[in-house]
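So this one's input-v9.cif, mmCIF, C-alpha atoms:
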data_entry
#
loop_
_atom_site.label_atom_id
_atom_site.label_comp_id
_atom_site.auth_asym_id
_atom_site.auth_seq_id
_atom_site.Cartn_x
_atom_site.Cartn_y
_atom_site.Cartn_z
CA MET A 19 7.46 101.91 277.62
CA LEU A 20 8.72 98.37 277.15
CA ASP A 21 10.03 97.43 273.71
CA TYR A 22 7.78 94.50 272.83
CA ALA A 23 9.52 93.80 269.54
CA ALA A 24 12.69 93.19 271.55
CA LEU A 25 10.84 91.20 274.21
CA ASN A 26 9.24 88.99 271.54
CA ALA A 27 12.68 88.44 270.02
CA LEU A 28 14.04 87.33 273.40
CA ALA A 29 11.11 85.00 274.01
CA ALA A 30 11.47 83.54 270.52
CA VAL A 31 15.19 82.78 271.00
CA VAL A 32 14.48 81.06 274.32
CA ARG A 33 11.54 79.13 272.84
CA GLU A 34 13.31 78.13 269.60
CA GLY A 35 16.80 77.68 271.07
CA SER A 36 18.73 79.75 268.51
CA PHE A 37 18.82 83.16 266.83
CA GLU A 38 18.36 81.60 263.39
CA ARG A 39 15.19 79.68 264.27
CA ALA A 40 13.82 82.66 266.19
CA ALA A 41 14.40 84.86 263.13
CA ARG A 42 12.47 82.43 260.93
CA ALA A 43 9.61 82.33 263.43
CA LEU A 44 9.47 86.15 263.57
CA HIS A 45 10.01 86.63 259.80
CA VAL A 46 13.04 88.87 260.33
CA THR A 47 16.78 88.42 259.89
CA PRO A 48 19.04 86.88 262.59
CA SER A 49 20.92 90.18 262.77
CA ALA A 50 17.66 91.99 263.56
CA VAL A 51 16.97 89.53 266.40
CA SER A 52 20.52 89.97 267.71
CA GLN A 53 20.26 93.75 267.57
CA ARG A 54 16.93 93.79 269.44
CA ILE A 55 18.25 91.58 272.20
CA ARG A 56 21.50 93.53 272.48
CA GLN A 57 19.52 96.76 272.90
CA LEU A 58 17.33 95.09 275.52
CA GLU A 59 20.40 93.89 277.42
CA GLU A 60 21.88 97.39 277.30
CA ARG A 61 18.68 98.79 278.70
CA THR A 62 18.40 96.21 281.51
CA GLY A 63 22.10 96.40 282.29
CA GLY A 64 22.83 92.68 282.20
CA ALA A 65 22.84 89.48 280.17
CA LEU A 66 19.44 88.05 279.29
CA LEU A 67 20.68 85.01 277.38
CA VAL A 68 23.37 82.40 277.76
CA ARG A 69 24.45 81.92 274.16
CA GLY A 70 24.88 78.26 273.31
CA GLN A 71 23.27 75.23 271.72
CA PRO A 72 20.54 75.81 272.72
CA CYS A 73 20.39 79.40 273.95
CA VAL A 74 18.82 79.63 277.42
CA ALA A 75 17.51 82.55 279.43
CA THR A 76 19.24 83.97 282.49
CA GLU A 77 17.05 84.59 285.53
CA ALA A 78 16.44 88.17 284.36
CA GLY A 79 15.71 86.93 280.84
CA LEU A 80 13.24 84.37 282.18
CA GLN A 81 11.37 87.09 284.06
CA LEU A 82 11.01 89.10 280.85
CA CYS A 83 9.91 86.00 278.90
CA ARG A 84 7.25 85.26 281.51
CA HIS A 85 6.02 88.84 281.28
CA VAL A 86 5.71 88.95 277.51
CA GLU A 87 3.99 85.55 277.41
CA ARG A 88 1.47 86.66 280.04
CA VAL A 89 0.85 89.83 278.07
CA GLY A 90 0.37 87.69 274.98
CA MET A 91 -2.35 85.64 276.68
CA LEU A 92 -4.08 88.81 277.91
CA GLU A 93 -3.99 90.35 274.44
CA HIS A 94 -5.32 87.12 272.98
CA GLU A 95 -8.24 87.44 275.39
CA LEU A 96 -8.71 91.10 274.47
CA ARG A 97 -8.77 90.31 270.74
CA GLU A 98 -11.52 87.77 271.41
CA ALA A 99 -13.58 90.35 273.29
CA LEU A 100 -12.84 93.27 270.93
CA PRO A 101 -11.94 91.86 267.49
CA ALA A 102 -12.21 95.35 265.96
CA LEU A 103 -8.94 96.27 267.67
CA GLY A 104 -7.12 94.08 265.13
CA MET A 105 -3.79 93.95 266.98
CA GLY A 106 -1.03 92.96 264.59
CA GLY A 107 1.96 90.67 264.84
CA ASP A 108 4.30 93.44 266.03
CA GLU A 109 2.33 94.08 269.20
CA ALA A 110 3.09 92.60 272.59
CA GLY A 111 1.22 89.37 272.15
CA GLY A 112 1.77 88.70 268.46
CA GLU A 113 -0.58 86.60 266.39
CA ARG A 114 -0.08 83.46 268.46
CA VAL A 115 0.62 82.85 272.10
CA THR A 116 2.62 80.05 273.70
CA VAL A 117 1.30 78.36 276.83
CA ARG A 118 3.97 76.53 278.85
CA VAL A 119 2.80 73.53 280.90
CA ALA A 120 4.66 70.95 283.00
CA VAL A 121 3.36 67.37 282.87
CA ASN A 122 4.64 64.02 284.08
CA ALA A 123 5.76 61.53 281.44
CA ASP A 124 3.19 58.85 282.26
CA SER A 125 0.30 61.30 281.93
CA LEU A 126 1.72 62.49 278.61
CA ALA A 127 2.00 58.89 277.42
CA THR A 128 -1.58 58.05 278.40
CA TRP A 129 -4.35 60.65 278.79
CA PHE A 130 -2.81 64.14 278.47
CA VAL A 131 -2.38 64.19 274.68
CA ALA A 132 -6.18 64.07 274.32
CA ALA A 133 -6.39 67.24 276.43
CA ALA A 134 -3.66 68.95 274.41
CA ALA A 135 -5.29 68.03 271.10
CA ALA A 136 -8.72 69.22 272.21
CA PHE A 137 -7.28 72.53 273.40
CA ALA A 138 -5.21 73.02 270.23
CA THR A 139 -8.27 72.37 268.04
CA GLN A 140 -10.32 74.89 269.98
CA GLU A 141 -7.58 77.51 270.37
CA GLN A 142 -5.86 77.67 267.00
CA ALA A 143 -4.09 80.92 267.94
CA ALA A 144 -2.37 79.19 270.88
CA LEU A 145 0.66 76.90 270.92
CA LEU A 146 1.57 74.50 273.71
CA ASP A 147 5.09 74.11 275.08
CA LEU A 148 5.09 70.98 277.24
CA THR A 149 7.87 70.33 279.75
CA VAL A 150 8.19 66.77 281.05
CA ASP A 151 9.19 66.19 284.66
CA ASP A 152 8.44 63.77 287.47
CA GLN A 153 4.98 64.32 289.01
CA ASP A 154 6.65 65.08 292.35
CA HIS A 155 8.69 67.88 290.75
CA THR A 156 6.42 69.56 288.17
CA ALA A 157 5.18 71.96 290.86
CA GLU A 158 8.72 73.32 291.14
CA ARG A 159 8.43 74.46 287.52
CA LEU A 160 5.23 76.27 288.42
CA ARG A 161 6.76 77.77 291.56
CA SER A 162 9.73 79.14 289.61
CA GLY A 163 7.49 80.67 286.96
CA ALA A 164 8.92 78.47 284.20
CA VAL A 165 5.39 77.26 283.34
CA PHE A 166 1.87 78.64 283.69
CA ALA A 167 0.22 75.38 284.77
CA ALA A 168 1.18 71.87 285.80
CA VAL A 169 -0.03 68.33 286.32
CA THR A 170 1.45 67.49 289.70
CA ALA A 171 1.27 65.09 292.63
CA LEU A 172 1.30 68.10 294.98
CA ALA A 173 -2.13 68.78 296.48
CA GLN A 174 -1.07 71.93 298.35
CA PRO A 175 -1.50 74.91 296.01
CA VAL A 176 1.66 76.71 294.94
CA ALA A 177 1.55 80.36 296.04
CA GLY A 178 -0.87 82.25 293.83
CA CYS A 179 -2.30 79.09 292.27
CA ASN A 180 -5.39 76.92 292.55
CA SER A 181 -5.11 73.16 292.94
CA GLU A 182 -7.81 70.84 291.64
CA ALA A 183 -7.87 67.05 291.97
CA LEU A 184 -7.85 65.26 288.61
CA GLY A 185 -8.00 61.67 289.88
CA THR A 186 -5.58 58.91 290.73
CA MET A 187 -3.14 57.07 288.48
CA HIS A 188 -2.62 53.53 289.69
CA TYR A 189 0.72 51.81 289.13
CA VAL A 190 1.32 48.05 289.05
CA ALA A 191 4.62 46.26 289.62
CA ALA A 192 4.98 43.92 286.64
CA ALA A 193 7.52 41.90 284.69
CA SER A 194 7.58 39.25 282.00
CA PRO A 195 6.65 35.66 282.99
CA ALA A 196 10.19 34.49 282.13
CA PHE A 197 11.71 37.20 284.37
CA VAL A 198 9.42 36.22 287.25
CA ARG A 199 10.35 32.55 286.88
CA GLU A 200 14.06 33.38 286.85
CA HIS A 201 14.15 35.81 289.77
CA PHE A 202 11.11 35.11 291.95
CA SER A 203 10.50 31.36 291.64
CA LYS A 204 11.38 30.96 295.34
CA GLY A 205 9.22 33.91 296.39
CA LEU A 206 9.31 37.68 296.34
CA GLY A 207 10.97 39.41 299.26
CA ALA A 208 13.78 41.74 300.26
CA ARG A 209 16.48 39.23 299.27
CA THR A 210 15.12 38.43 295.80
CA LEU A 211 14.25 42.08 295.06
CA ALA A 212 17.81 43.10 296.01
CA ASP A 213 19.08 40.76 293.28
CA ALA A 214 16.51 41.27 290.52
CA PRO A 215 17.13 44.16 288.04
CA SER A 216 14.47 46.87 288.18
CA LEU A 217 13.46 49.48 285.62
CA VAL A 218 13.56 53.13 286.66
CA PHE A 219 12.49 56.09 284.55
CA ASP A 220 15.06 58.64 285.79
CA ARG A 221 16.89 59.82 288.92
CA LYS A 222 13.75 61.48 290.26
CA ASP A 223 11.59 58.34 289.93
CA ARG A 224 10.78 56.98 293.41
CA LEU A 225 7.85 54.71 292.53
CA GLN A 226 9.86 51.47 292.68
CA THR A 227 11.37 52.49 296.03
CA ARG A 228 7.94 53.31 297.49
CA TRP A 229 6.41 50.03 296.30
CA VAL A 230 9.28 47.93 297.64
CA ARG A 231 9.02 49.67 301.03
CA ARG A 232 5.30 48.87 301.16
CA ILE A 233 5.88 45.21 300.31
CA CYS A 234 9.00 44.60 302.45
CA HIS A 235 8.33 47.17 305.22
CA ARG A 236 11.86 48.47 304.82
CA ASN A 237 14.12 50.03 302.22
CA VAL A 238 15.77 47.66 299.75
CA GLU A 239 18.46 48.74 297.30
CA THR A 240 17.65 47.23 293.90
CA PRO A 241 19.80 47.00 290.74
CA ARG A 242 18.52 49.53 288.19
CA HIS A 243 18.23 49.97 284.45
CA TRP A 244 17.50 53.64 283.58
CA ILE A 245 14.94 53.94 280.75
CA PRO A 246 13.53 57.50 280.33
CA SER A 247 10.69 56.62 277.93
CA PRO A 248 7.27 55.29 279.03
CA ASN A 249 6.79 53.20 275.89
CA ALA A 250 10.35 51.80 275.94
CA PHE A 251 9.87 51.14 279.67
CA VAL A 252 6.95 48.79 278.93
CA GLU A 253 8.77 47.17 276.01
CA ALA A 254 11.82 46.52 278.21
CA ALA A 255 9.64 44.84 280.82
CA CYS A 256 7.93 42.66 278.19
CA ALA A 257 11.36 41.69 276.85
CA GLY A 258 12.45 40.46 280.30
CA MET A 259 14.93 43.22 281.03
CA GLY A 260 13.59 43.94 284.51
CA TRP A 261 10.54 44.64 286.64
CA GLY A 262 9.04 48.10 286.95
CA MET A 263 6.10 50.23 288.04
CA HIS A 264 3.72 50.81 285.13
CA PRO A 265 0.50 52.85 284.81
CA ALA A 266 -2.22 50.19 285.13
CA SER A 267 -4.13 51.43 282.08
CA MET A 268 -0.98 51.39 279.97
CA VAL A 269 -0.16 47.71 280.62
CA ALA A 270 -3.67 46.30 280.97
CA GLY A 271 -3.43 44.72 277.50
CA ALA A 272 0.02 43.25 278.15
CA ILE A 273 -1.17 41.71 281.43
CA LYS A 274 -4.34 40.36 279.79
CA ASP A 275 -2.46 38.63 276.98
CA GLY A 276 0.26 37.30 279.30
CA ARG A 277 3.24 39.36 278.18
CA LEU A 278 3.43 40.81 281.68
CA VAL A 279 2.37 39.53 285.09
CA GLU A 280 1.88 41.41 288.34
CA LEU A 281 4.54 40.65 290.92
CA VAL A 282 2.03 40.88 293.77
CA PRO A 283 -1.56 40.86 292.46
CA GLY A 284 -3.67 43.64 293.93
CA SER A 285 -0.72 45.65 295.26
CA THR A 286 -1.24 48.75 293.12
CA LEU A 287 0.44 52.00 294.12
CA PRO A 288 -1.98 54.97 293.87
CA VAL A 289 -0.62 58.38 292.83
CA PRO A 290 -3.18 61.22 293.06
CA LEU A 291 -2.70 63.93 290.44
CA TYR A 292 -3.72 67.58 290.54
CA TRP A 293 -4.03 70.44 288.06
CA GLN A 294 -2.52 73.69 289.30
CA GLN A 295 -2.70 77.06 287.55
CA ALA A 296 -2.65 80.73 288.53
CA ARG A 297 -5.74 81.96 290.39
CA ALA A 298 -5.95 85.05 288.21
CA ALA A 299 -5.59 82.99 285.04
CA PRO A 300 -6.57 84.34 281.63
CA ARG A 301 -9.55 82.58 280.06
CA LEU A 302 -7.13 80.81 277.72
CA LEU A 303 -5.65 78.92 280.69
CA GLU A 304 -9.10 78.25 282.09
CA ARG A 305 -10.11 76.60 278.80
CA LEU A 306 -6.93 74.53 278.87
CA GLY A 307 -7.85 73.45 282.41
CA ALA A 308 -11.32 72.43 281.21
CA ALA A 309 -9.74 70.28 278.46
CA VAL A 310 -7.37 68.69 280.99
CA ARG A 311 -10.20 67.84 283.38
CA ALA A 312 -12.29 66.33 280.58
CA ALA A 313 -9.42 64.15 279.30
CA ALA A 314 -8.44 63.01 282.78
CA SER A 315 -11.98 61.75 283.45
CA SER A 316 -12.71 59.94 280.17
CA GLY A 317 -11.21 57.53 277.68
CA PRO A 318 -9.28 54.27 278.10
CA HIS A 319 -6.60 55.92 280.24
CA ALA A 320 -8.95 57.92 282.49
CA LEU A 321 -7.73 58.56 286.01
CA VAL A 322 -9.64 56.89 288.85
CA VAL A 323 -11.80 59.38 290.70
#
Let me see the file written as structure tokens.
Amino acid sequence: MLDYAALNALAAVVREGSFERAARALHVTPSAVSQRIRQLEERTGGALLVRGQPCVATEAGLQLCRHVERVGMLEHELREALPALGMGGDEAGGERVTVRVAVNADSLATWFVAAAAAFATQEQAALLDLTVDDQDHTAERLRSGAVFAAVTALAQPVAGCNSEALGTMHYVAAASPAFVREHFSKGLGARTLADAPSLVFDRKDRLQTRWVRRICHRNVETPRHWIPSPNAFVEAACAGMGWGMHPASMVAGAIKDGRLVELVPGSTLPVPLYWQQARAAPRLLERLGAAVRAAASSGPHALVV
């Protein structure tokens, strides 16, 4: 039999990042958490944690964390169906379950929070652990088992998962009027783009590169400011720091009131997004998927179907 008290201790340390915070979450002492994990490591014959700030799971530790979290979701489902069982906090699933999801930053900054809030209101025994990554890379988190579901630009289902189209996020290339006057007064082309500073979210962000290739029909190396925050990204563009690719719904107001202008009107870059989750998903994940689909299709930041 697996020692679920020890497995829950391991998952708590990985989730919380330290033995002390895990102990507080489990209502035990840090020494009890340490002892449980040490016994689990002795039984498995290898390290399950890399101790540090924060503590992170080894590959073996991650496999055990995935197992206990899946068991937690299944027990959550069982408690719903058979409430008389009354499983307590020391069982495999505990009182609450954590659902790990990968989502791209622009979705999180626009429509995804509505989905998360709706799910959290409905499922008060569930907690969300959101991991932010580029939409072209969130599927890797799903493939590795680090998350149970993902918003991704990958249409092809990850092995063992379903893929469902959510809609398309349209991006516009925009900058402040003063920036456009300074850098593009003589026209926008490969030469002026190679000189004008651009805004890039992180090293995985290829939106600017893709848009420039569409406009210039070749690759152009642009100067880059790195700004890994969607809101700061828009503020930097409004302040004249550079041009960037923005979700159309996020900058509609700034374009309407003249704080931003499109570099090439009508040249939006469409990015289709998909929801992927395990085919044999517990009902908890299916209800999260329903909340995601509803939020993606409604509200001021709805994706284009």
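Atom pair atom CA of A:Val131 / atom CA of A:Ala29: separated by 24.8 Å.
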Might you spell out which residues the PyMOL selection byres ((chain A and resi 253) around 12) would select in the displayed file, as a PDB file with C-alpha atoms, in the frame of the given file?
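What ended up in out-v2.pdb:
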ATOM      1  CA  ALA A 192       4.980  43.920 286.640  1.00  0.00           C
ATOM      2  CA  ALA A 193       7.520  41.900 284.690  1.00  0.00           C
ATOM      3  CA  SER A 194       7.580  39.250 282.000  1.00  0.00           C
ATOM      4  CA  LEU A 217      13.460  49.480 285.620  1.00  0.00           C
ATOM      5  CA  ILE A 245      14.940  53.940 280.750  1.00  0.00           C
ATOM      6  CA  SER A 247      10.690  56.620 277.930  1.00  0.00           C
ATOM      7  CA  PRO A 248       7.270  55.290 279.030  1.00  0.00           C
ATOM      8  CA  ASN A 249       6.790  53.200 275.890  1.00  0.00           C
ATOM      9  CA  ALA A 250      10.350  51.800 275.940  1.00  0.00           C
ATOM     10  CA  PHE A 251       9.870  51.140 279.670  1.00  0.00           C
ATOM     11  CA  VAL A 252       6.950  48.790 278.930  1.00  0.00           C
ATOM     12  CA  ALA A 254      11.820  46.520 278.210  1.00  0.00           C
ATOM     13  CA  ALA A 255       9.640  44.840 280.820  1.00  0.00           C
ATOM     14  CA  CYS A 256       7.930  42.660 278.190  1.00  0.00           C
ATOM     15  CA  ALA A 257      11.360  41.690 276.850  1.00  0.00           C
ATOM     16  CA  GLY A 258      12.450  40.460 280.300  1.00  0.00           C
ATOM     17  CA  MET A 259      14.930  43.220 281.030  1.00  0.00           C
ATOM     18  CA  GLY A 260      13.590  43.940 284.510  1.00  0.00           C
ATOM     19  CA  TRP A 261      10.540  44.640 286.640  1.00  0.00           C
ATOM     20  CA  GLY A 262       9.040  48.100 286.950  1.00  0.00           C
ATOM     21  CA  HIS A 264       3.720  50.810 285.130  1.00  0.00           C
ATOM     22  CA  MET A 268      -0.980  51.390 279.970  1.00  0.00           C
ATOM     23  CA  VAL A 269      -0.160  47.710 280.620  1.00  0.00           C
ATOM     24  CA  ALA A 272       0.020  43.250 278.150  1.00  0.00           C
ATOM     25  CA  ARG A 277       3.240  39.360 278.180  1.00  0.00           C
ATOM     26  CA  LEU A 278       3.430  40.810 281.680  1.00  0.00           C
TER      27      LEU A 278
END
| said: With the PyMOL selection byres ((chain A and resi 21) around 10) as the selection, what would be picked from this file? Answer as number ranges by chain, please. | reply: A: 19-20, 22-26, 54, 57-58, 109-110
| task | Between A:Val169, A:Leu44, A:Ala27, A:Cys83, single out the one closest to A:Thr186, counting all atoms listed in the file. | result | A:Val169
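Here atom CA of A:Ala41 stands at a distance of 15.5 Å from atom CA of A:Arg114.
Distance check against A:Gln295 using all atoms listed in the file: of A:Pro215, A:Gly307, A:Pro318, A:Pro48, the minimum falls on A:Gly307.
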| Within 8 Å of A:Gly79 using all atoms listed in the file, minus same-chain residues under 3 positions, as a list in words |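 Once the adjacent positions are removed, what remains is Leu28, Ala65, Leu66, Leu67, Ala75, Thr76, Leu82 and Cys83 of chain A.
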| message | Taking only C-alpha atoms into account, name the residue in A:Lys204, A:Arg56, A:Arg297, A:Arg39 that is nearest to A:Cys179. | response |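 Among the listed residues, A:Arg297 lies closest to A:Cys179.
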Just add N, CA and C atoms to stretch 218-252 of chain A and send it as a short mmCIF file (atom, residue, chain, number, x, y, z; two decimals), in the coordinates of the input.
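Output below, filename part.cif:
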data_model
loop_
_atom_site.label_atom_id
_atom_site.label_comp_id
_atom_site.auth_asym_id
_atom_site.auth_seq_id
_atom_site.Cartn_x
_atom_site.Cartn_y
_atom_site.Cartn_z
N VAL A 218 13.83 51.83 286.06
CA VAL A 218 13.56 53.13 286.66
C VAL A 218 13.59 54.19 285.56
N PHE A 219 12.63 55.10 285.61
CA PHE A 219 12.49 56.09 284.55
C PHE A 219 13.66 57.08 284.54
N ASP A 220 13.94 57.71 285.68
CA ASP A 220 15.06 58.64 285.79
C ASP A 220 15.44 58.78 287.26
N ARG A 221 16.38 59.68 287.54
CA ARG A 221 16.89 59.82 288.92
C ARG A 221 15.86 60.39 289.88
N LYS A 222 14.80 60.94 289.39
CA LYS A 222 13.75 61.48 290.26
C LYS A 222 12.66 60.45 290.55
N ASP A 223 12.64 59.35 289.83
CA ASP A 223 11.59 58.34 289.93
C ASP A 223 11.74 57.55 291.23
N ARG A 224 10.74 57.67 292.12
CA ARG A 224 10.78 56.98 293.41
C ARG A 224 9.69 55.91 293.52
N LEU A 225 8.98 55.63 292.45
CA LEU A 225 7.85 54.71 292.53
C LEU A 225 8.29 53.30 292.95
N GLN A 226 9.38 52.81 292.33
CA GLN A 226 9.86 51.47 292.68
C GLN A 226 10.25 51.41 294.16
N THR A 227 10.94 52.44 294.63
CA THR A 227 11.37 52.49 296.03
C THR A 227 10.17 52.48 296.97
N ARG A 228 9.13 53.25 296.63
CA ARG A 228 7.94 53.31 297.49
C ARG A 228 7.21 51.97 297.52
N TRP A 229 7.11 51.31 296.36
CA TRP A 229 6.41 50.03 296.30
C TRP A 229 7.17 48.97 297.10
N VAL A 230 8.48 48.91 296.93
CA VAL A 230 9.28 47.93 297.64
C VAL A 230 9.16 48.14 299.16
N ARG A 231 9.16 49.39 299.59
CA ARG A 231 9.02 49.67 301.03
C ARG A 231 7.67 49.19 301.55
N ARG A 232 6.62 49.34 300.75
CA ARG A 232 5.30 48.87 301.16
C ARG A 232 5.26 47.35 301.27
N ILE A 233 5.92 46.66 300.34
CA ILE A 233 5.88 45.21 300.31
C ILE A 233 6.79 44.60 301.38
N CYS A 234 8.00 45.18 301.54
CA CYS A 234 9.00 44.60 302.45
C CYS A 234 9.05 45.28 303.81
N HIS A 235 8.35 46.41 303.95
CA HIS A 235 8.33 47.17 305.22
C HIS A 235 9.71 47.69 305.60
N ARG A 236 10.56 47.84 304.60
CA ARG A 236 11.86 48.47 304.82
C ARG A 236 12.45 48.83 303.46
N ASN A 237 13.47 49.66 303.47
CA ASN A 237 14.12 50.03 302.22
C ASN A 237 14.97 48.88 301.71
N VAL A 238 14.94 48.68 300.40
CA VAL A 238 15.77 47.66 299.75
C VAL A 238 16.43 48.31 298.54
N GLU A 239 17.73 48.19 298.44
CA GLU A 239 18.46 48.74 297.30
C GLU A 239 18.39 47.72 296.16
N THR A 240 17.82 48.13 295.03
CA THR A 240 17.65 47.23 293.90
C THR A 240 18.56 47.62 292.75
N PRO A 241 19.06 46.66 291.96
CA PRO A 241 19.80 47.00 290.74
C PRO A 241 18.87 47.73 289.76
N ARG A 242 19.39 48.69 289.02
CA ARG A 242 18.52 49.53 288.19
C ARG A 242 19.00 49.65 286.75
N HIS A 243 18.05 49.51 285.82
CA HIS A 243 18.23 49.97 284.45
C HIS A 243 17.50 51.31 284.35
N TRP A 244 18.12 52.32 283.74
CA TRP A 244 17.50 53.64 283.58
C TRP A 244 16.93 53.74 282.17
N ILE A 245 15.59 53.91 282.07
CA ILE A 245 14.94 53.94 280.75
C ILE A 245 13.95 55.12 280.74
N PRO A 246 14.37 56.29 280.25
CA PRO A 246 13.53 57.50 280.33
C PRO A 246 12.52 57.64 279.20
N SER A 247 11.76 56.59 278.94
CA SER A 247 10.69 56.62 277.93
C SER A 247 9.59 55.69 278.37
N PRO A 248 8.36 56.17 278.57
CA PRO A 248 7.27 55.29 279.03
C PRO A 248 7.04 54.10 278.12
N ASN A 249 7.05 54.31 276.81
CA ASN A 249 6.79 53.20 275.89
C ASN A 249 7.95 52.20 275.90
N ALA A 250 9.19 52.69 275.87
CA ALA A 250 10.35 51.80 275.94
C ALA A 250 10.40 51.08 277.28
N PHE A 251 9.92 51.73 278.32
CA PHE A 251 9.87 51.14 279.67
C PHE A 251 9.01 49.87 279.64
N VAL A 252 7.84 49.95 279.02
CA VAL A 252 6.95 48.79 278.93
C VAL A 252 7.57 47.72 278.04
#
